[in-house]
>>> print(open('entry_1.cif').read())   # mmCIF, C-alpha atoms and all ligand atoms
data_work
#
loop_
_atom_site.group_PDB
_atom_site.id
_atom_site.type_symbol
_atom_site.label_atom_id
_atom_site.label_comp_id
_atom_site.auth_asym_id
_atom_site.auth_seq_id
_atom_site.Cartn_x
_atom_site.Cartn_y
_atom_site.Cartn_z
ATOM 1 C CA MET A 1 109.771 154.369 181.632
ATOM 2 C CA LYS A 2 109.676 150.715 180.627
ATOM 3 C CA ARG A 3 108.157 149.766 183.961
ATOM 4 C CA PHE A 4 105.553 152.441 183.508
ATOM 5 C CA ALA A 5 104.714 151.004 180.073
ATOM 6 C CA ASN A 6 104.373 147.526 181.595
ATOM 7 C CA ILE A 7 102.038 148.774 184.285
ATOM 8 C CA PHE A 8 100.083 150.628 181.665
ATOM 9 C CA CYS A 9 99.778 147.431 179.578
ATOM 10 C CA ALA A 10 98.649 145.425 182.580
ATOM 11 C CA LEU A 11 96.065 148.044 183.411
ATOM 12 C CA ALA A 12 94.846 148.149 179.812
ATOM 13 C CA LEU A 13 94.523 144.339 179.822
ATOM 14 C CA LEU A 14 92.579 144.502 183.061
ATOM 15 C CA PHE A 15 90.177 146.956 181.449
ATOM 16 C CA VAL A 16 89.792 144.719 178.409
ATOM 17 C CA PHE A 17 88.907 141.775 180.650
ATOM 18 C CA ALA A 18 86.569 143.846 182.736
ATOM 19 C CA GLY A 19 84.959 145.020 179.505
ATOM 20 C CA CYS A 20 84.580 141.449 178.277
ATOM 21 C CA SER A 21 82.979 140.187 181.456
ATOM 22 C CA LYS A 22 80.574 143.118 181.313
ATOM 23 C CA GLY A 23 79.561 142.365 177.721
ATOM 24 C CA PRO A 24 76.901 139.673 178.166
ATOM 25 C CA GLU A 25 75.535 141.301 181.306
ATOM 26 C CA GLN A 26 74.993 144.557 179.459
ATOM 27 C CA ALA A 27 73.398 142.751 176.549
ATOM 28 C CA SER A 28 70.896 141.069 178.835
ATOM 29 C CA LYS A 29 70.223 144.416 180.495
ATOM 30 C CA ALA A 30 69.396 145.898 177.108
ATOM 31 C CA THR A 31 66.748 143.258 176.479
ATOM 32 C CA ASP A 32 65.379 143.737 180.010
ATOM 33 C CA LYS A 33 64.332 147.228 179.067
ATOM 34 C CA PRO A 34 60.562 147.466 178.630
ATOM 35 C CA LEU A 35 59.455 147.175 175.007
ATOM 36 C CA VAL A 36 57.258 149.976 173.701
ATOM 37 C CA ILE A 37 55.474 149.594 170.378
ATOM 38 C CA THR A 38 54.030 152.584 168.562
ATOM 39 C CA THR A 39 51.741 152.294 165.564
ATOM 40 C CA PHE A 40 53.220 154.862 163.156
ATOM 41 C CA PHE A 41 56.091 157.303 162.609
ATOM 42 C CA PRO A 42 55.144 160.461 164.597
ATOM 43 C CA LEU A 43 54.295 158.435 167.703
ATOM 44 C CA TYR A 44 57.544 156.477 167.288
ATOM 45 C CA ASP A 45 59.545 159.698 167.256
ATOM 46 C CA PHE A 46 57.654 161.114 170.276
ATOM 47 C CA ALA A 47 58.174 157.866 172.216
ATOM 48 C CA LYS A 48 61.913 157.735 171.374
ATOM 49 C CA ASN A 49 62.358 161.275 172.655
ATOM 50 C CA VAL A 50 60.622 160.558 175.966
ATOM 51 C CA ALA A 51 62.068 157.059 176.526
ATOM 52 C CA GLY A 52 65.689 158.020 175.893
ATOM 53 C CA ASP A 53 67.787 154.934 176.639
ATOM 54 C CA ARG A 54 65.404 153.489 179.237
ATOM 55 C CA MET A 55 63.055 151.646 176.889
ATOM 56 C CA ARG A 56 63.219 149.830 173.576
ATOM 57 C CA VAL A 57 60.937 151.610 171.134
ATOM 58 C CA GLU A 58 59.747 149.801 168.014
ATOM 59 C CA ASN A 59 57.258 150.792 165.368
ATOM 60 C CA LEU A 60 54.504 148.427 164.259
ATOM 61 C CA LEU A 61 54.144 149.640 160.678
ATOM 62 C CA PRO A 62 57.139 148.836 158.466
ATOM 63 C CA ALA A 63 58.785 151.639 156.480
ATOM 64 C CA GLY A 64 56.615 152.740 153.592
ATOM 65 C CA ALA A 65 53.326 151.366 154.992
ATOM 66 C CA GLY A 66 50.673 153.810 156.171
ATOM 67 C CA PRO A 67 47.647 153.214 158.388
ATOM 68 C CA HIS A 68 45.450 153.468 155.247
ATOM 69 C CA GLU A 69 46.518 150.137 153.795
ATOM 70 C CA PHE A 70 48.168 148.243 156.643
ATOM 71 C CA THR A 71 47.058 144.657 157.212
ATOM 72 C CA PHE A 72 47.660 143.067 160.576
ATOM 73 C CA THR A 73 49.254 139.586 160.651
ATOM 74 C CA PRO A 74 49.647 136.933 163.412
ATOM 75 C CA LYS A 75 53.350 137.904 163.547
ATOM 76 C CA ASP A 76 52.345 141.465 164.417
ATOM 77 C CA ARG A 77 50.163 140.119 167.200
ATOM 78 C CA GLN A 78 53.160 138.245 168.614
ATOM 79 C CA ARG A 79 55.194 141.443 168.634
ATOM 80 C CA LEU A 80 52.431 143.267 170.480
ATOM 81 C CA GLU A 81 52.164 140.497 173.065
ATOM 82 C CA ASN A 82 55.805 141.114 174.013
ATOM 83 C CA ALA A 83 55.248 144.836 174.528
ATOM 84 C CA ARG A 84 54.755 146.399 177.935
ATOM 85 C CA LEU A 85 53.236 149.444 176.299
ATOM 86 C CA LEU A 86 51.336 149.912 173.039
ATOM 87 C CA ILE A 87 50.934 153.516 171.953
ATOM 88 C CA LYS A 88 48.346 154.304 169.330
ATOM 89 C CA ASN A 89 46.887 157.527 168.009
ATOM 90 C CA GLY A 90 43.176 156.809 168.432
ATOM 91 C CA PHE A 91 40.301 158.631 166.679
ATOM 92 C CA GLY A 92 39.707 155.527 164.549
ATOM 93 C CA LEU A 93 43.093 155.736 162.812
ATOM 94 C CA GLU A 94 44.177 152.221 163.775
ATOM 95 C CA THR A 95 41.299 150.185 162.359
ATOM 96 C CA PHE A 96 43.740 147.251 162.050
ATOM 97 C CA LEU A 97 43.835 146.988 165.863
ATOM 98 C CA GLU A 98 40.084 146.832 166.313
ATOM 99 C CA ASP A 99 39.926 143.056 166.752
ATOM 100 C CA VAL A 100 43.163 142.749 168.725
ATOM 101 C CA THR A 101 42.813 142.173 172.462
ATOM 102 C CA LEU A 102 45.911 142.098 174.637
ATOM 103 C CA SER A 103 46.208 140.947 178.226
ATOM 104 C CA PRO A 104 45.889 144.106 180.339
ATOM 105 C CA ASP A 105 48.305 142.586 182.905
ATOM 106 C CA LYS A 106 51.067 142.408 180.303
ATOM 107 C CA THR A 107 50.465 145.304 177.943
ATOM 108 C CA LEU A 108 49.198 148.771 178.691
ATOM 109 C CA VAL A 109 47.381 150.201 175.663
ATOM 110 C CA VAL A 110 47.338 153.984 175.470
ATOM 111 C CA GLU A 111 45.776 156.400 173.031
ATOM 112 C CA ALA A 112 48.215 159.288 172.585
ATOM 113 C CA GLY A 113 45.372 161.484 171.339
ATOM 114 C CA LYS A 114 43.475 161.149 174.638
ATOM 115 C CA GLY A 115 42.100 164.503 175.789
ATOM 116 C CA ILE A 116 42.367 166.248 172.400
ATOM 117 C CA ALA A 117 39.046 167.652 171.171
ATOM 118 C CA PRO A 118 38.383 165.965 167.809
ATOM 119 C CA LEU A 119 37.441 167.949 164.716
ATOM 120 C CA GLU A 120 34.462 166.697 162.782
ATOM 121 C CA LEU A 121 35.319 165.128 159.460
ATOM 122 C CA LYS A 122 33.669 167.138 156.725
ATOM 123 C CA LYS A 123 31.529 164.670 154.844
ATOM 124 C CA LYS A 124 30.457 165.437 151.340
ATOM 125 C CA GLU A 125 26.848 164.416 150.681
ATOM 126 C CA ASP A 126 27.614 162.356 147.561
ATOM 127 C CA HIS A 127 30.469 160.519 149.294
ATOM 128 C CA ARG A 128 28.664 159.681 152.487
ATOM 129 C CA ASP A 129 28.459 155.927 151.866
ATOM 130 C CA GLU A 130 31.929 155.484 150.300
ATOM 131 C CA HIS A 131 33.464 157.272 153.235
ATOM 132 C CA GLU A 132 32.902 154.285 155.470
ATOM 133 C CA HIS A 133 34.747 151.826 153.255
ATOM 134 C CA VAL A 134 37.538 153.059 151.030
ATOM 135 C CA GLY A 135 40.801 153.643 152.861
ATOM 136 C CA GLY A 136 39.223 152.364 156.050
ATOM 137 C CA HIS A 137 41.072 154.975 158.073
ATOM 138 C CA HIS A 138 38.695 157.816 158.633
ATOM 139 C CA HIS A 139 35.491 156.297 159.786
ATOM 140 C CA GLU A 140 34.949 156.944 163.416
ATOM 141 C CA GLY A 141 35.944 159.236 166.236
ATOM 142 C CA GLY A 142 36.382 162.417 164.184
ATOM 143 C CA ASP A 143 39.388 163.551 162.168
ATOM 144 C CA PRO A 144 42.391 161.427 163.227
ATOM 145 C CA HIS A 145 45.199 163.764 162.025
ATOM 146 C CA VAL A 146 45.766 165.417 165.414
ATOM 147 C CA TRP A 147 49.574 164.986 165.357
ATOM 148 C CA LEU A 148 50.015 167.527 162.551
ATOM 149 C CA ASP A 149 49.251 170.367 164.967
ATOM 150 C CA PRO A 150 52.350 170.883 167.174
ATOM 151 C CA VAL A 151 50.157 171.889 170.131
ATOM 152 C CA ASN A 152 48.304 168.584 169.881
ATOM 153 C CA ALA A 153 51.657 166.834 169.473
ATOM 154 C CA MET A 154 52.630 168.278 172.858
ATOM 155 C CA LYS A 155 49.520 166.746 174.405
ATOM 156 C CA GLN A 156 50.426 163.416 172.797
ATOM 157 C CA VAL A 157 53.939 163.627 174.247
ATOM 158 C CA GLU A 158 52.489 164.274 177.726
ATOM 159 C CA ASN A 159 50.215 161.251 177.384
ATOM 160 C CA ILE A 160 53.181 159.132 176.269
ATOM 161 C CA ARG A 161 55.266 160.372 179.229
ATOM 162 C CA ASP A 162 52.494 159.462 181.686
ATOM 163 C CA ALA A 163 52.097 156.013 180.128
ATOM 164 C CA MET A 164 55.848 155.343 180.380
ATOM 165 C CA ILE A 165 55.837 156.384 184.025
ATOM 166 C CA ALA A 166 52.897 154.049 184.682
ATOM 167 C CA VAL A 167 54.774 151.125 183.117
ATOM 168 C CA ASP A 168 58.206 151.917 184.566
ATOM 169 C CA PRO A 169 57.838 154.172 187.657
ATOM 170 C CA ALA A 170 61.486 153.594 188.642
ATOM 171 C CA ASN A 171 62.586 155.892 185.805
ATOM 172 C CA LYS A 172 59.939 158.560 186.404
ATOM 173 C CA THR A 173 62.416 161.446 186.707
ATOM 174 C CA VAL A 174 64.179 160.457 183.475
ATOM 175 C CA TYR A 175 60.937 160.398 181.490
ATOM 176 C CA GLU A 176 59.894 163.711 183.010
ATOM 177 C CA ALA A 177 63.198 165.401 182.180
ATOM 178 C CA ASN A 178 63.239 164.002 178.610
ATOM 179 C CA ALA A 179 59.653 165.175 178.090
ATOM 180 C CA VAL A 180 60.442 168.682 179.347
ATOM 181 C CA ARG A 181 63.332 168.930 176.879
ATOM 182 C CA TYR A 182 61.273 167.668 173.923
ATOM 183 C CA LEU A 183 58.199 169.747 174.822
ATOM 184 C CA ASP A 184 60.415 172.848 174.693
ATOM 185 C CA GLN A 185 61.396 171.961 171.121
ATOM 186 C CA LEU A 186 57.747 171.454 170.156
ATOM 187 C CA ARG A 187 56.834 174.776 171.752
ATOM 188 C CA ALA A 188 59.515 176.460 169.632
ATOM 189 C CA LEU A 189 58.071 174.757 166.533
ATOM 190 C CA ASP A 190 54.596 176.020 167.449
ATOM 191 C CA GLU A 191 55.921 179.562 167.807
ATOM 192 C CA GLU A 192 57.734 179.349 164.480
ATOM 193 C CA CYS A 193 54.541 178.153 162.715
ATOM 194 C CA ARG A 194 52.505 180.938 164.304
ATOM 195 C CA ARG A 195 55.038 183.639 163.389
ATOM 196 C CA GLU A 196 55.563 182.467 159.786
ATOM 197 C CA ILE A 197 51.937 181.754 158.881
ATOM 198 C CA GLU A 198 50.744 185.108 160.205
ATOM 199 C CA GLY A 199 52.705 186.740 157.387
ATOM 200 C CA PHE A 200 51.458 184.503 154.527
ATOM 201 C CA ALA A 201 49.984 186.459 151.607
ATOM 202 C CA ARG A 202 47.221 183.899 151.020
ATOM 203 C CA LYS A 203 45.553 181.734 153.672
ATOM 204 C CA GLU A 204 43.479 179.459 151.386
ATOM 205 C CA PHE A 205 44.942 176.175 150.134
ATOM 206 C CA VAL A 206 43.862 172.959 148.449
ATOM 207 C CA ALA A 207 45.080 169.757 150.134
ATOM 208 C CA TYR A 208 45.595 166.310 148.696
ATOM 209 C CA HIS A 209 43.634 164.650 151.493
ATOM 210 C CA SER A 210 42.234 166.271 154.598
ATOM 211 C CA ALA A 211 45.288 165.783 156.818
ATOM 212 C CA PHE A 212 46.089 169.372 157.773
ATOM 213 C CA SER A 213 42.756 170.454 159.320
ATOM 214 C CA TYR A 214 44.071 170.726 162.891
ATOM 215 C CA PHE A 215 47.158 172.530 161.599
ATOM 216 C CA SER A 216 45.102 175.027 159.558
ATOM 217 C CA ASN A 217 42.677 175.619 162.417
ATOM 218 C CA ARG A 218 45.516 176.341 164.788
ATOM 219 C CA TYR A 219 47.314 178.845 162.590
ATOM 220 C CA GLY A 220 44.519 180.463 160.596
ATOM 221 C CA LEU A 221 45.027 178.717 157.260
ATOM 222 C CA LYS A 222 41.931 177.734 155.303
ATOM 223 C CA GLN A 223 41.616 174.391 153.548
ATOM 224 C CA VAL A 224 39.125 175.266 150.788
ATOM 225 C CA ALA A 225 39.101 171.870 149.046
ATOM 226 C CA VAL A 226 40.740 168.440 148.998
ATOM 227 C CA PHE A 227 41.544 166.223 146.033
ATOM 228 C CA GLU A 228 40.658 162.991 147.760
ATOM 229 C CA GLU A 229 37.603 163.217 149.998
ATOM 230 C CA VAL A 230 38.175 159.538 150.630
ATOM 231 C CA PRO A 231 41.898 158.759 151.023
ATOM 232 C CA GLY A 232 42.981 156.507 148.161
ATOM 233 C CA LYS A 233 40.002 157.378 145.942
ATOM 234 C CA GLU A 234 40.518 159.823 143.073
ATOM 235 C CA PRO A 235 37.916 162.560 142.514
ATOM 236 C CA SER A 236 34.977 161.988 140.175
ATOM 237 C CA PRO A 237 34.726 164.222 137.051
ATOM 238 C CA ARG A 238 32.064 166.224 138.902
ATOM 239 C CA SER A 239 34.148 166.913 141.979
ATOM 240 C CA MET A 240 37.129 167.619 139.696
ATOM 241 C CA ALA A 241 35.149 170.426 138.037
ATOM 242 C CA GLY A 242 34.297 171.792 141.498
ATOM 243 C CA LEU A 243 37.961 171.606 142.521
ATOM 244 C CA ILE A 244 39.106 173.581 139.499
ATOM 245 C CA ASN A 245 36.493 176.273 140.223
ATOM 246 C CA THR A 246 37.681 176.521 143.820
ATOM 247 C CA ILE A 247 41.339 176.775 142.733
ATOM 248 C CA LYS A 248 40.454 179.681 140.427
ATOM 249 C CA LYS A 249 38.119 181.358 142.908
ATOM 250 C CA TYR A 250 40.770 181.589 145.636
ATOM 251 C CA ASN A 251 43.664 182.196 143.238
ATOM 252 C CA VAL A 252 45.454 179.103 144.557
ATOM 253 C CA ARG A 253 48.934 179.125 142.953
ATOM 254 C CA ALA A 254 50.352 175.756 144.059
ATOM 255 C CA LEU A 255 49.093 172.230 144.693
ATOM 256 C CA PHE A 256 50.420 169.702 147.174
ATOM 257 C CA THR A 257 51.335 166.068 146.683
ATOM 258 C CA GLU A 258 51.819 163.661 149.610
ATOM 259 C CA PRO A 259 54.528 160.974 149.595
ATOM 260 C CA GLN A 260 52.087 158.115 150.268
ATOM 261 C CA PHE A 261 49.905 158.904 147.238
ATOM 262 C CA SER A 262 50.612 158.971 143.493
ATOM 263 C CA PRO A 263 51.339 162.544 142.332
ATOM 264 C CA ARG A 264 49.861 161.858 138.856
ATOM 265 C CA ILE A 265 46.525 163.627 139.259
ATOM 266 C CA ILE A 266 48.072 166.677 140.940
ATOM 267 C CA GLN A 267 50.706 166.970 138.205
ATOM 268 C CA THR A 268 48.039 166.829 135.484
ATOM 269 C CA VAL A 269 45.842 169.516 137.048
ATOM 270 C CA ALA A 270 48.844 171.673 137.925
ATOM 271 C CA SER A 271 50.208 171.608 134.395
ATOM 272 C CA ASP A 272 46.738 172.370 132.929
ATOM 273 C CA LEU A 273 46.296 175.377 135.221
ATOM 274 C CA LYS A 274 50.001 176.373 135.283
ATOM 275 C CA LEU A 275 50.373 175.887 139.034
ATOM 276 C CA SER A 276 53.432 174.826 141.019
ATOM 277 C CA VAL A 277 53.599 171.454 142.723
ATOM 278 C CA LEU A 278 54.976 171.141 146.254
ATOM 279 C CA GLU A 279 54.985 168.303 148.766
ATOM 280 C CA LEU A 280 53.379 168.070 152.197
ATOM 281 C CA ASP A 281 54.178 165.043 154.323
ATOM 282 C CA PRO A 282 51.537 164.071 156.911
ATOM 283 C CA MET A 283 53.974 161.350 158.100
ATOM 284 C CA GLU A 284 51.441 158.560 157.737
ATOM 285 C CA THR A 285 54.016 156.298 156.156
ATOM 286 C CA GLY A 286 56.663 155.162 158.599
ATOM 287 C CA ASP A 287 59.852 155.783 156.701
ATOM 288 C CA PHE A 288 62.473 156.239 159.397
ATOM 289 C CA GLU A 289 64.848 157.913 156.974
ATOM 290 C CA LYS A 290 62.566 160.891 157.410
ATOM 291 C CA GLY A 291 64.540 161.834 160.473
ATOM 292 C CA SER A 292 62.292 163.580 162.925
ATOM 293 C CA TYR A 293 58.752 164.839 163.356
ATOM 294 C CA ILE A 294 60.064 168.355 163.957
ATOM 295 C CA GLY A 295 62.273 168.235 160.853
ATOM 296 C CA VAL A 296 59.376 167.118 158.634
ATOM 297 C CA MET A 297 57.053 169.755 160.123
ATOM 298 C CA LYS A 298 59.626 172.430 159.280
ATOM 299 C CA LYS A 299 59.701 171.168 155.695
ATOM 300 C CA ASN A 300 55.886 171.260 155.616
ATOM 301 C CA LEU A 301 55.932 174.817 156.917
ATOM 302 C CA ALA A 302 58.461 175.805 154.217
ATOM 303 C CA ALA A 303 56.254 174.217 151.511
ATOM 304 C CA PHE A 304 53.214 176.116 152.804
ATOM 305 C CA LYS A 305 55.243 179.326 152.905
ATOM 306 C CA GLU A 306 56.343 178.948 149.298
ATOM 307 C CA ALA A 307 52.841 178.021 148.077
ATOM 308 C CA GLN A 308 50.931 180.690 149.984
ATOM 309 C CA ASN A 309 53.283 183.520 149.050
ATOM 310 C CA LYS A 310 53.356 182.814 145.300
ATOM 311 C CA PRO A 311 52.247 185.890 143.357
HETATM 312 ZN ZN ZN B 401 45.057 160.508 156.526
#
>>> encode(input="entry_1.cif", output="structure tokens")
Amino acid sequence: MKRFANIFCALALLFVFAGCSKGPEQASKATDKPLVITTFFPLYDFAKNVAGDRMRVENLLPAGAGPHEFTFTPKDRQRLENARLLIKNGFGLETFLEDVTLSPDKTLVVEAGKGIAPLELKKKEDHRDEHEHVGGHHHEGGDPHVWLDPVNAMKQVENIRDAMIAVDPANKTVYEANAVRYLDQLRALDEECRREIEGFARKEFVAYHSAFSYFSNRYGLKQVAVFEEVPGKEPSPRSMAGLINTIKKYNVRALFTEPQFSPRIIQTVASDLKLSVLELDPMETGDFEKGSYIGVMKKNLAAFKEAQNKP
């Protein structure tokens, strides 16, 4: 028995040493993995799901910052120069990258929204000129909020998979298998949205800013008004009067706040008109505590369900 224990100890020691000698090698292997940088939270989550453990995925925007107000610094440029792959949304969302050129030999730049038919941004006549300046996020290439429709998200995941294969063909089968698994989850989310929304009592809703157009188009909801035509700019007294009329006309029973904007104006209107206040999260701010794209979309669906079924 004692001899057995001794042998066991010797073996254990051997493993410890083997483990130690492996340590630095493994560490250097970890940094050898290609670096992928995504611009904001949904793309980060998509990329993590496809990359698995074969790539390092980092997000450009720090937690709490959204593409509306992000300012690009020389430090950010340095980070991008180290990336093998930069994944952005496209549709004019990433205005902060407009003047950034990266060496095409070092960094592949991919628009995850490639191949998605853009929706026109509804421009209000009296806001036409402001639209180009305030917020800076919605001014070219149609409505950028494609990721909030799970079917479009699937397209984005396929584009991300193809980009990862282009950068690291040796792991092609891994990226393909990971994508298949994640696409199945997105397909289930799509089916859940379809099934739930079909049964909503009311299809009309008023949004904070026009983030859920692709989502409403997909599932038959109707965005009848938005509080901020220009993200970050509160409505004028005239458009406020129009908003209140619309709320009454469609018997809207709840209003939505969004985590990246102040809820003040929504709370005021809601208490005046005796409406409930719920939250929708378009995931523009990259708070990684959020968990997952799918988890947040389920919360959004639950908020819609509660709002649209209120008597
Ligand atoms: Zn937006």
>>> closest_atom_pairs(input="entry_1.cif", of="chain A", to="ligand ZN 401 (chain B)", cutoff="8 Å", atoms="all atoms listed in the file", output="JSON lines")
{"residue": "A:Pro67", "atom": "CA", "partner": "B:ZN401", "partner_atom": "ZN", "distance": 8.0}
{"residue": "A:His68", "atom": "CA", "partner": "B:ZN401", "partner_atom": "ZN", "distance": 7.2}
{"residue": "A:His137", "atom": "CA", "partner": "B:ZN401", "partner_atom": "ZN", "distance": 7.0}
{"residue": "A:His138", "atom": "CA", "partner": "B:ZN401", "partner_atom": "ZN", "distance": 7.2}
{"residue": "A:Pro144", "atom": "CA", "partner": "B:ZN401", "partner_atom": "ZN", "distance": 7.3}
{"residue": "A:His145", "atom": "CA", "partner": "B:ZN401", "partner_atom": "ZN", "distance": 6.4}
{"residue": "A:His209", "atom": "CA", "partner": "B:ZN401", "partner_atom": "ZN", "distance": 6.7}
{"residue": "A:Ser210", "atom": "CA", "partner": "B:ZN401", "partner_atom": "ZN", "distance": 6.7}
{"residue": "A:Ala211", "atom": "CA", "partner": "B:ZN401", "partner_atom": "ZN", "distance": 5.3}
{"residue": "A:Pro231", "atom": "CA", "partner": "B:ZN401", "partner_atom": "ZN", "distance": 6.6}
{"residue": "A:Pro282", "atom": "CA", "partner": "B:ZN401", "partner_atom": "ZN", "distance": 7.4}
{"residue": "A:Glu284", "atom": "CA", "partner": "B:ZN401", "partner_atom": "ZN", "distance": 6.8}
>>> resolve_selection(input="entry_1.cif", expression="the PyMOL selection byres (((chain A and resi 141) around 12) and not hetatm)", output="PDB file with C-alpha atoms, keeping the file's coordinate frame")
ATOM      1  CA  ASN A  89      46.887 157.527 168.009  1.00  0.00           C
ATOM      2  CA  GLY A  90      43.176 156.809 168.432  1.00  0.00           C
ATOM      3  CA  PHE A  91      40.301 158.631 166.679  1.00  0.00           C
ATOM      4  CA  GLY A  92      39.707 155.527 164.549  1.00  0.00           C
ATOM      5  CA  LEU A  93      43.093 155.736 162.812  1.00  0.00           C
ATOM      6  CA  GLU A  94      44.177 152.221 163.775  1.00  0.00           C
ATOM      7  CA  THR A  95      41.299 150.185 162.359  1.00  0.00           C
ATOM      8  CA  GLY A 113      45.372 161.484 171.339  1.00  0.00           C
ATOM      9  CA  LYS A 114      43.475 161.149 174.638  1.00  0.00           C
ATOM     10  CA  ILE A 116      42.367 166.248 172.400  1.00  0.00           C
ATOM     11  CA  ALA A 117      39.046 167.652 171.171  1.00  0.00           C
ATOM     12  CA  PRO A 118      38.383 165.965 167.809  1.00  0.00           C
ATOM     13  CA  LEU A 119      37.441 167.949 164.716  1.00  0.00           C
ATOM     14  CA  GLU A 120      34.462 166.697 162.782  1.00  0.00           C
ATOM     15  CA  LEU A 121      35.319 165.128 159.460  1.00  0.00           C
ATOM     16  CA  HIS A 137      41.072 154.975 158.073  1.00  0.00           C
ATOM     17  CA  HIS A 138      38.695 157.816 158.633  1.00  0.00           C
ATOM     18  CA  HIS A 139      35.491 156.297 159.786  1.00  0.00           C
ATOM     19  CA  GLU A 140      34.949 156.944 163.416  1.00  0.00           C
ATOM     20  CA  GLY A 142      36.382 162.417 164.184  1.00  0.00           C
ATOM     21  CA  ASP A 143      39.388 163.551 162.168  1.00  0.00           C
ATOM     22  CA  PRO A 144      42.391 161.427 163.227  1.00  0.00           C
ATOM     23  CA  HIS A 145      45.199 163.764 162.025  1.00  0.00           C
ATOM     24  CA  VAL A 146      45.766 165.417 165.414  1.00  0.00           C
TER      25      VAL A 146
END
>>> residues_near_point(input="entry_1.cif", point="(39.0, 170.2, 143.6)", cutoff="7 Å", atoms="only C-alpha atoms", output="count of residues only")
10
>>> closest_atom_pairs(input="entry_1.cif", of="segment 67-129 of chain A", to="segment 36-59 of chain A", cutoff="6 Å", atoms="only C-alpha atoms", output="Markdown table")
| residue | atom | partner | partner_atom | distance |
| --- | --- | --- | --- | --- |
| A:Ala83 | CA | A:Val36 | CA | 5.6 |
| A:Leu85 | CA | A:Val36 | CA | 4.8 |
| A:Leu86 | CA | A:Ile37 | CA | 4.9 |
| A:Ile87 | CA | A:Thr38 | CA | 4.7 |
| A:Lys88 | CA | A:Thr39 | CA | 5.5 |
>>> closest_residue(input="entry_1.cif", among="A:Gln156, A:Asn178, A:Gln78, A:Gln260", to="Leu102 of chain A", atoms="all atoms listed in the file")
A:Gln78
>>> closest_residue(input="entry_1.cif", among="A:Leu221, A:Ala112, A:Leu275, A:Leu186", to="Lys298 of chain A", atoms="only C-alpha atoms")
A:Leu186
>>> atom_distance(input="entry_1.cif", atom1="atom CA of Arg77 of chain A", atom2="atom CA of Asp105 of chain A")
16.0 Å
>>> closest_residue(input="entry_1.cif", among="A:Phe205, A:Glu158, A:Glu228, A:Leu80", to="Ala307 of chain A", atoms="all atoms listed in the file")
A:Phe205
>>> atom_distance(input="entry_1.cif", atom1="atom CA of Lys203 of chain A", atom2="atom CA of Thr268 of chain A")
23.6 Å
>>> resolve_selection(input="entry_1.cif", expression="the PyMOL selection byres (((chain A and resi 196) around 12) and not hetatm)", output="list in words")
Leu189, Asp190, Glu191, Glu192, Cys193, Arg194, Arg195, Ile197, Glu198, Gly199, Phe200, Ala201, Lys203, Tyr219, Gly220, Leu221, Lys298, Asn300, Leu301, Ala302, Ala303, Phe304, Lys305, Glu306, Gln308 and Asn309 of chain A
>>> write_last_selection(input="entry_1.cif", atoms="C-alpha atoms", output="short mmCIF file (atom, residue, chain, number, x, y, z; two decimals), keeping the file's coordinate frame")
data_model
loop_
_atom_site.label_atom_id
_atom_site.label_comp_id
_atom_site.auth_asym_id
_atom_site.auth_seq_id
_atom_site.Cartn_x
_atom_site.Cartn_y
_atom_site.Cartn_z
CA LEU A 189 58.07 174.76 166.53
CA ASP A 190 54.60 176.02 167.45
CA GLU A 191 55.92 179.56 167.81
CA GLU A 192 57.73 179.35 164.48
CA CYS A 193 54.54 178.15 162.72
CA ARG A 194 52.50 180.94 164.30
CA ARG A 195 55.04 183.64 163.39
CA ILE A 197 51.94 181.75 158.88
CA GLU A 198 50.74 185.11 160.21
CA GLY A 199 52.70 186.74 157.39
CA PHE A 200 51.46 184.50 154.53
CA ALA A 201 49.98 186.46 151.61
CA LYS A 203 45.55 181.73 153.67
CA TYR A 219 47.31 178.84 162.59
CA GLY A 220 44.52 180.46 160.60
CA LEU A 221 45.03 178.72 157.26
CA LYS A 298 59.63 172.43 159.28
CA ASN A 300 55.89 171.26 155.62
CA LEU A 301 55.93 174.82 156.92
CA ALA A 302 58.46 175.80 154.22
CA ALA A 303 56.25 174.22 151.51
CA PHE A 304 53.21 176.12 152.80
CA LYS A 305 55.24 179.33 152.90
CA GLU A 306 56.34 178.95 149.30
CA GLN A 308 50.93 180.69 149.98
CA ASN A 309 53.28 183.52 149.05
#
>>> closest_residue(input="entry_1.cif", among="A:Gly66, A:Met297, A:Glu234, A:Ala207", to="Thr257 of chain A", atoms="only C-alpha atoms")
A:Ala207
>>> build_atoms(input="entry_1.cif", residues="segment 176-181 of chain A", atoms="N, CA and C atoms", output="short mmCIF file (atom, residue, chain, number, x, y, z; two decimals), in the coordinates of the input")
data_model
loop_
_atom_site.label_atom_id
_atom_site.label_comp_id
_atom_site.auth_asym_id
_atom_site.auth_seq_id
_atom_site.Cartn_x
_atom_site.Cartn_y
_atom_site.Cartn_z
N GLU A 176 60.34 162.33 182.82
CA GLU A 176 59.89 163.71 183.01
C GLU A 176 60.89 164.70 182.41
N ALA A 177 62.17 164.48 182.69
CA ALA A 177 63.20 165.40 182.18
C ALA A 177 63.26 165.36 180.65
N ASN A 178 63.22 164.13 180.08
CA ASN A 178 63.24 164.00 178.61
C ASN A 178 62.05 164.71 177.99
N ALA A 179 60.87 164.55 178.63
CA ALA A 179 59.65 165.18 178.09
C ALA A 179 59.77 166.69 178.14
N VAL A 180 60.29 167.23 179.23
CA VAL A 180 60.44 168.68 179.35
C VAL A 180 61.30 169.21 178.19
N ARG A 181 62.41 168.51 177.94
CA ARG A 181 63.33 168.93 176.88
C ARG A 181 62.64 168.90 175.52
#
